[in-house]
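Participant: My structure is in my_file-v6.cif, and what it holds is mmCIF, C-alpha atoms:
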data_work
loop_
_atom_site.label_atom_id
_atom_site.label_comp_id
_atom_site.auth_asym_id
_atom_site.auth_seq_id
_atom_site.Cartn_x
_atom_site.Cartn_y
_atom_site.Cartn_z
CA MET A 12 0.00 0.00 0.00
CA ASN A 13 1.17 3.49 -0.86
CA LYS A 14 2.52 5.14 2.32
CA LEU A 15 0.42 8.26 2.81
CA GLU A 16 1.81 11.43 4.36
CA ILE A 17 -1.20 12.72 6.29
CA LEU A 18 -1.02 16.42 7.11
CA TYR A 19 -4.44 16.83 8.76
CA GLU A 20 -7.33 14.57 9.63
CA ASP A 21 -10.60 14.87 11.52
CA ASN A 22 -14.06 13.32 11.12
CA HIS A 23 -14.85 15.41 8.03
CA ILE A 24 -11.60 16.15 6.16
CA ILE A 25 -8.29 14.49 5.39
CA ALA A 26 -5.35 16.34 3.78
CA ILE A 27 -2.53 14.41 2.11
CA ASN A 28 0.90 15.60 1.01
CA LYS A 29 0.89 14.22 -2.53
CA LYS A 30 4.08 12.85 -4.04
CA PRO A 31 4.83 14.07 -7.57
CA SER A 32 4.20 10.62 -9.07
CA ASP A 33 0.69 10.18 -7.61
CA ILE A 34 -2.49 10.89 -9.54
CA VAL A 35 -5.38 12.35 -7.57
CA GLN A 36 -8.17 10.65 -9.53
CA GLY A 37 -8.17 7.76 -11.99
CA ASP A 38 -7.16 8.51 -15.58
CA LYS A 39 -6.35 6.64 -18.78
CA THR A 40 -3.04 5.31 -17.35
CA GLY A 41 -5.03 2.96 -15.14
CA ASP A 42 -2.67 3.72 -12.22
CA THR A 43 -4.22 3.56 -8.76
CA PRO A 44 -5.32 7.08 -7.78
CA LEU A 45 -4.56 8.74 -4.45
CA SER A 46 -8.28 8.72 -3.59
CA ASP A 47 -8.20 4.88 -3.58
CA PHE A 48 -5.18 4.80 -1.25
CA VAL A 49 -6.99 7.19 1.12
CA LYS A 50 -10.06 4.91 1.08
CA GLN A 51 -7.83 1.91 1.89
CA TYR A 52 -6.18 3.78 4.75
CA ILE A 53 -9.55 4.77 6.28
CA LYS A 54 -10.97 1.26 5.84
CA GLN A 55 -7.97 -0.26 7.65
CA LYS A 56 -7.52 2.38 10.35
CA TYR A 57 -11.18 2.50 11.38
CA LYS A 58 -11.96 -1.13 10.44
CA LYS A 59 -14.86 0.02 8.30
CA PRO A 60 -16.96 -2.65 6.60
CA GLY A 61 -18.22 -2.09 3.06
CA ASP A 62 -17.49 0.94 0.92
CA VAL A 63 -15.70 3.96 2.35
CA PHE A 64 -16.82 7.43 1.27
CA ILE A 65 -14.08 9.74 0.01
CA GLY A 66 -14.89 12.88 -1.95
CA THR A 67 -12.21 14.50 -4.11
CA VAL A 68 -12.52 18.24 -3.56
CA HIS A 69 -9.82 19.47 -5.97
CA ARG A 70 -6.93 18.14 -8.03
CA ILE A 71 -3.32 19.05 -8.62
CA ASP A 72 -1.42 17.92 -11.72
CA ARG A 73 0.39 14.59 -11.55
CA PRO A 74 3.99 16.00 -11.62
CA VAL A 75 3.12 18.53 -8.87
CA SER A 76 3.57 17.79 -5.15
CA GLY A 77 1.74 19.08 -2.11
CA ILE A 78 -1.60 19.39 -0.37
CA VAL A 79 -4.68 17.59 -1.64
CA LEU A 80 -7.88 17.83 0.39
CA PHE A 81 -10.41 15.01 0.52
CA ALA A 82 -13.81 15.01 2.22
CA LYS A 83 -14.71 12.07 4.49
CA THR A 84 -18.44 12.91 4.53
CA SER A 85 -20.85 14.02 1.84
CA LYS A 86 -21.76 17.06 3.96
CA ALA A 87 -18.12 18.19 4.05
CA LEU A 88 -17.75 17.50 0.30
CA THR A 89 -20.73 19.69 -0.60
CA ARG A 90 -19.52 22.53 1.60
CA LEU A 91 -15.90 22.34 0.49
CA ASN A 92 -17.00 22.34 -3.17
CA GLN A 93 -19.03 25.49 -2.50
CA MET A 94 -16.06 27.06 -0.71
CA PHE A 95 -13.72 26.35 -3.64
CA GLN A 96 -16.24 27.83 -6.06
CA GLY A 97 -16.71 30.86 -3.80
CA LYS A 98 -12.91 31.32 -3.54
CA GLU A 99 -13.09 30.87 0.24
CA ILE A 100 -10.08 28.54 0.27
CA GLN A 101 -6.74 30.30 -0.04
CA LYS A 102 -3.98 28.31 -1.69
CA THR A 103 -0.27 29.08 -1.70
CA TYR A 104 2.19 27.36 -4.02
CA TRP A 105 5.96 27.33 -4.27
CA ALA A 106 7.64 27.16 -7.68
CA VAL A 107 11.33 26.85 -8.53
CA VAL A 108 12.04 28.68 -11.78
CA LYS A 109 15.04 29.09 -14.06
CA ASN A 110 14.95 32.83 -14.62
CA LYS A 111 14.45 35.72 -12.26
CA PRO A 112 11.18 37.57 -12.95
CA GLN A 113 11.58 41.22 -14.00
CA SER A 114 9.83 42.39 -10.83
CA SER A 115 10.43 40.60 -7.53
CA SER A 116 6.66 40.58 -6.91
CA GLY A 117 3.56 41.29 -8.92
CA LYS A 118 0.19 40.22 -10.27
CA LEU A 119 -0.13 38.25 -13.50
CA ILE A 120 -3.30 38.38 -15.57
CA HIS A 121 -3.55 36.31 -18.74
CA TYR A 122 -6.25 34.73 -20.88
CA LEU A 123 -5.90 30.98 -21.30
CA ILE A 124 -7.07 28.71 -24.07
CA LYS A 125 -6.87 24.97 -23.44
CA ASN A 126 -5.92 22.56 -26.21
CA GLU A 127 -7.81 19.41 -25.16
CA ALA A 128 -6.02 17.13 -27.64
CA LYS A 129 -2.55 18.06 -26.39
CA ASN A 130 -3.61 18.70 -22.76
CA ILE A 131 -1.84 22.04 -22.77
CA SER A 132 -2.94 25.64 -22.23
CA LYS A 133 -1.73 28.76 -24.04
CA ALA A 134 -1.61 32.17 -22.38
CA PHE A 135 -2.49 35.43 -24.13
CA ASP A 136 -2.09 38.99 -22.88
CA LYS A 137 -5.43 40.13 -24.29
CA GLU A 138 -8.92 38.70 -24.11
CA MET A 139 -9.56 36.16 -26.84
CA LYS A 140 -12.69 34.33 -27.95
CA GLY A 141 -13.09 31.24 -25.76
CA ALA A 142 -10.27 32.21 -23.39
CA LEU A 143 -10.60 32.13 -19.59
CA ARG A 144 -9.12 34.86 -17.41
CA ALA A 145 -6.32 33.63 -15.12
CA GLU A 146 -4.95 35.67 -12.25
CA LEU A 147 -2.23 35.08 -9.67
CA ASP A 148 0.09 36.99 -7.35
CA TYR A 149 3.74 36.00 -7.06
CA LYS A 150 6.67 36.98 -4.87
CA LEU A 151 10.36 36.07 -5.07
CA ILE A 152 11.24 34.57 -1.68
CA ALA A 153 14.71 33.00 -2.20
CA SER A 154 17.39 32.51 -4.82
CA SER A 155 20.24 30.02 -5.27
CA ASP A 156 23.11 30.04 -7.81
CA ASN A 157 20.92 28.85 -10.67
CA TYR A 158 17.30 29.00 -9.54
CA TYR A 159 14.68 31.24 -7.97
CA LEU A 160 11.94 30.29 -5.51
CA LEU A 161 8.59 32.02 -6.04
CA GLU A 162 5.59 32.01 -3.71
CA ILE A 163 2.36 32.04 -5.69
CA LYS A 164 -1.22 32.76 -4.71
CA PRO A 165 -3.63 31.87 -7.53
CA HIS A 166 -6.94 33.75 -7.60
CA THR A 167 -8.47 31.54 -10.31
CA GLY A 168 -8.22 27.80 -10.84
CA ARG A 169 -7.50 27.36 -14.54
CA HIS A 170 -5.95 24.38 -16.33
CA HIS A 171 -2.15 24.39 -15.74
CA GLN A 172 -2.52 28.04 -14.74
CA ILE A 173 0.65 28.57 -12.68
CA ARG A 174 2.76 26.61 -15.15
CA VAL A 175 1.60 28.47 -18.24
CA GLN A 176 1.54 31.94 -16.64
CA LEU A 177 5.09 31.66 -15.28
CA SER A 178 6.27 30.31 -18.63
CA LYS A 179 4.61 33.26 -20.37
CA ILE A 180 6.76 35.74 -18.37
CA GLY A 181 9.94 33.78 -19.20
CA CYS A 182 10.14 31.84 -15.92
CA PRO A 183 9.41 28.18 -16.75
CA ILE A 184 9.23 25.84 -13.75
CA LYS A 185 12.19 23.48 -13.28
CA GLY A 186 11.49 20.16 -15.01
CA ASP A 187 8.38 21.39 -16.86
CA LEU A 188 9.15 20.38 -20.46
CA LYS A 189 5.54 21.04 -21.46
CA TYR A 190 5.95 24.74 -20.69
CA GLY A 191 9.44 25.53 -21.85
CA PHE A 192 11.96 24.17 -19.35
CA ASN A 193 14.90 22.64 -21.24
CA ARG A 194 15.20 19.30 -19.42
CA SER A 195 13.05 17.01 -17.33
CA ASN A 196 13.59 16.06 -13.69
CA LYS A 197 14.79 12.46 -13.23
CA ASP A 198 11.55 11.42 -11.52
CA ALA A 199 9.34 13.24 -14.08
CA SER A 200 8.23 15.69 -11.36
CA ILE A 201 8.22 19.45 -11.77
CA HIS A 202 9.32 21.87 -9.05
CA LEU A 203 5.82 23.10 -8.25
CA HIS A 204 4.48 22.42 -4.77
CA ALA A 205 1.09 23.11 -3.18
CA ARG A 206 2.55 24.52 0.03
CA LYS A 207 -0.37 25.82 2.10
CA VAL A 208 -4.17 25.96 2.31
CA GLU A 209 -6.20 28.20 4.61
CA PHE A 210 -9.94 28.03 5.14
CA ILE A 211 -12.73 28.04 7.71
CA HIS A 212 -13.65 24.45 8.59
CA PRO A 213 -16.90 23.59 6.75
CA VAL A 214 -18.45 21.93 9.83
CA LYS A 215 -16.60 23.17 12.93
CA LYS A 216 -16.36 26.77 11.60
CA GLU A 217 -12.81 27.13 12.98
CA PRO A 218 -9.83 28.43 10.96
CA VAL A 219 -7.69 25.67 9.48
CA ILE A 220 -4.15 26.20 8.14
CA ILE A 221 -2.36 23.22 6.58
CA ILE A 222 1.29 23.38 5.46
CA ALA A 223 3.05 20.70 3.43
CA PRO A 224 6.81 20.17 3.45
CA PRO A 225 8.19 19.98 -0.11
CA PRO A 226 9.68 16.72 -1.40
CA ASN A 227 12.92 15.56 0.23
CA GLU A 228 15.16 16.55 -2.69
CA VAL A 229 18.40 18.53 -2.98
CA LEU A 230 17.05 21.78 -4.43
CA TRP A 231 13.90 21.89 -2.28
CA ASN A 232 16.03 21.17 0.79
CA GLU A 233 18.43 23.97 -0.12
CA PHE A 234 15.58 26.49 -0.40
CA LEU A 235 13.93 25.24 2.81
CA LYS A 236 17.20 25.77 4.66
CA MET A 237 17.48 29.35 3.30
CA ILE A 238 13.95 30.22 4.36
CA SER A 239 14.03 28.66 7.79
CA GLY A 240 17.71 29.73 8.15
#
Go ahead and express the file in the form of structure tokens.

Facilitator:
Amino acid sequence: MNKLEILYEDNHIIAINKKPSDIVQGDKTGDTPLSDFVKQYIKQKYKKPGDVFIGTVHRIDRPVSGIVLFAKTSKALTRLNQMFQGKEIQKTYWAVVKNKPQSSSGKLIHYLIKNEAKNISKAFDKEMKGALRAELDYKLIASSDNYYLLEIKPHTGRHHQIRVQLSKIGCPIKGDLKYGFNRSNKDASIHLHARKVEFIHPVKKEPVIIIAPPPNEVLWNEFLKMISG
């Protein structure tokens, strides 16, 4: 069984720190999705007979690491879905990029068109027919000899949004061949990590802040050391 890194769990919600190789929900690869491993874990831990309910609230791309929230009850799932739609859940990502952005912080607004056949999005500076507005804030928080660590707060949830928007300003994410980085990471991951989520608990109505350590890997470790320094 896949060893889960559980960041938070109560009766209603479970948050997992996803490894870059995991898929959140089943796809054409036929690989076992994270949601199934979470079901297995709950079934074993609580000795539940029959089917276990797990609701997938949101997804992050397969090569991306970090926080994925699942609902353990249908009530929590409905409320969390509403909260995501109402932008009541704040997400913070970390991205390691090759080039330093022109400004050390700023807001990016682009218009994205998704190519379904190639599973890729293209960013435009101006509104286009069929394009969806994508918005994020970024801030440079550390730099090494060859790379820069950006903290990103997306305000919309578009397909590959962070990847395509950073690529558009000349800052492709390390390992992201799809969006202009020149070589892949050995494990097929990209250096994009869902670092933090903040929200009001859908049932208990208390503030929840969940933080995920990035993968145990040389570059991530170097940046972590700089920040916690």

Participant: Please report as a Markdown table every residue of range 95-169 of chain A lying within 10 Å of range 215-228 of chain A, along with the nearest atom pair and their distance in Å (one decimal), using all atoms listed in the file.

Facilitator:
| residue | atom | partner | partner_atom | distance |
| --- | --- | --- | --- | --- |
| A:Ile100 | CA | A:Val219 | CA | 9.9 |
| A:Gln101 | CA | A:Ile220 | CA | 9.5 |
| A:Lys102 | CA | A:Ile221 | CA | 9.8 |
| A:Thr103 | CA | A:Ile222 | CA | 9.3 |
| A:Trp105 | CA | A:Pro225 | CA | 8.7 |

Participant: Write out as a ChimeraX atom specification each polymer residue whose atoms come within 9 Å of Lys29 in chain A, counting only C-alpha atoms; drop sequence neighbours fewer than 2 positions from it.

Facilitator: /A:15-16,27,31-35,45,71,75-79,205

Participant: Near His202 in chain A, within 6 Å and counting all atoms listed in the file, which residues show up once chain neighbours fewer than 2 positions away are dropped, as a list in words?

Facilitator: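 Result of the neighbour search: Ala106, Val107 and Lys185 of chain A.
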
Participant: Kindly indicate which residue among A:Leu161, A:Asn196, A:Phe210, A:Lys109 lies nearest to Pro183 in chain A, using only C-alpha atoms for the distances.

Facilitator: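 Smallest separation from Pro183 in chain A among the options: A:Lys109.
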
Participant: Find the residues around Ala134 in chain A up to 6 Å (all atoms listed in the file counted), leave out those fewer than 6 positions away in its own chain, and share them as a list of chain:residue names.

Facilitator: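 Counting all atoms listed in the file, the residues come to A:His121, A:Tyr122, A:Leu123.
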
Participant: Taking all atoms listed in the file into account, which of A:Lys98, A:Arg169, A:Lys86, A:Lys30 comes nearest Ala199 in chain A?

Facilitator: A:Lys30

Participant: Applied to the shown file, which residues does the PyMOL selection byres ((chain A and resi 190-193) around 9) return, written as a PyMOL selection string?

Facilitator: chain A and resi 108-109+131+174-175+177-179+181-189+194-195

Participant: Counting all atoms listed in the file, which residues come within 9 Å of (13.1, 37.8, -6.7), with the point read in the file's coordinates, and could you list them as a ChimeraX atom specification?

Facilitator: /A:111-116,150-154,159-161

Participant: Using all atoms listed in the file for the distances, tell me which of A:Lys236, A:His212, A:Phe135, A:Lys59 is nearest to Arg90 in chain A.

Facilitator: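 Closest residue, counting all atoms listed in the file: A:His212.
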
Participant: What is the distance, in Å and to one decimal place, between CA of His23 in chain A and CA of Lys164 in chain A?

Facilitator: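 Here the two named atoms are 25.5 Å from each other.
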
Participant: Draw an axis-aligned box over all listed atoms of range 179-195 of chain A, pad each side with 8 Å, and write its centre and edge lengths in Å, one decimal, as AutoDock Vina command-line options.

Facilitator:
--center_x 9.9 --center_y 26.4 --center_z -17.6 --size_x 26.6 --size_y 34.7 --size_z 24.6

Participant: From the list A:Ala82, A:Met237, A:Val214, A:Ile163, which residue is nearest His69 in chain A when using all atoms listed in the file?

Facilitator: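 Of the candidates, the smallest distance to His69 in chain A is held by A:Ala82.
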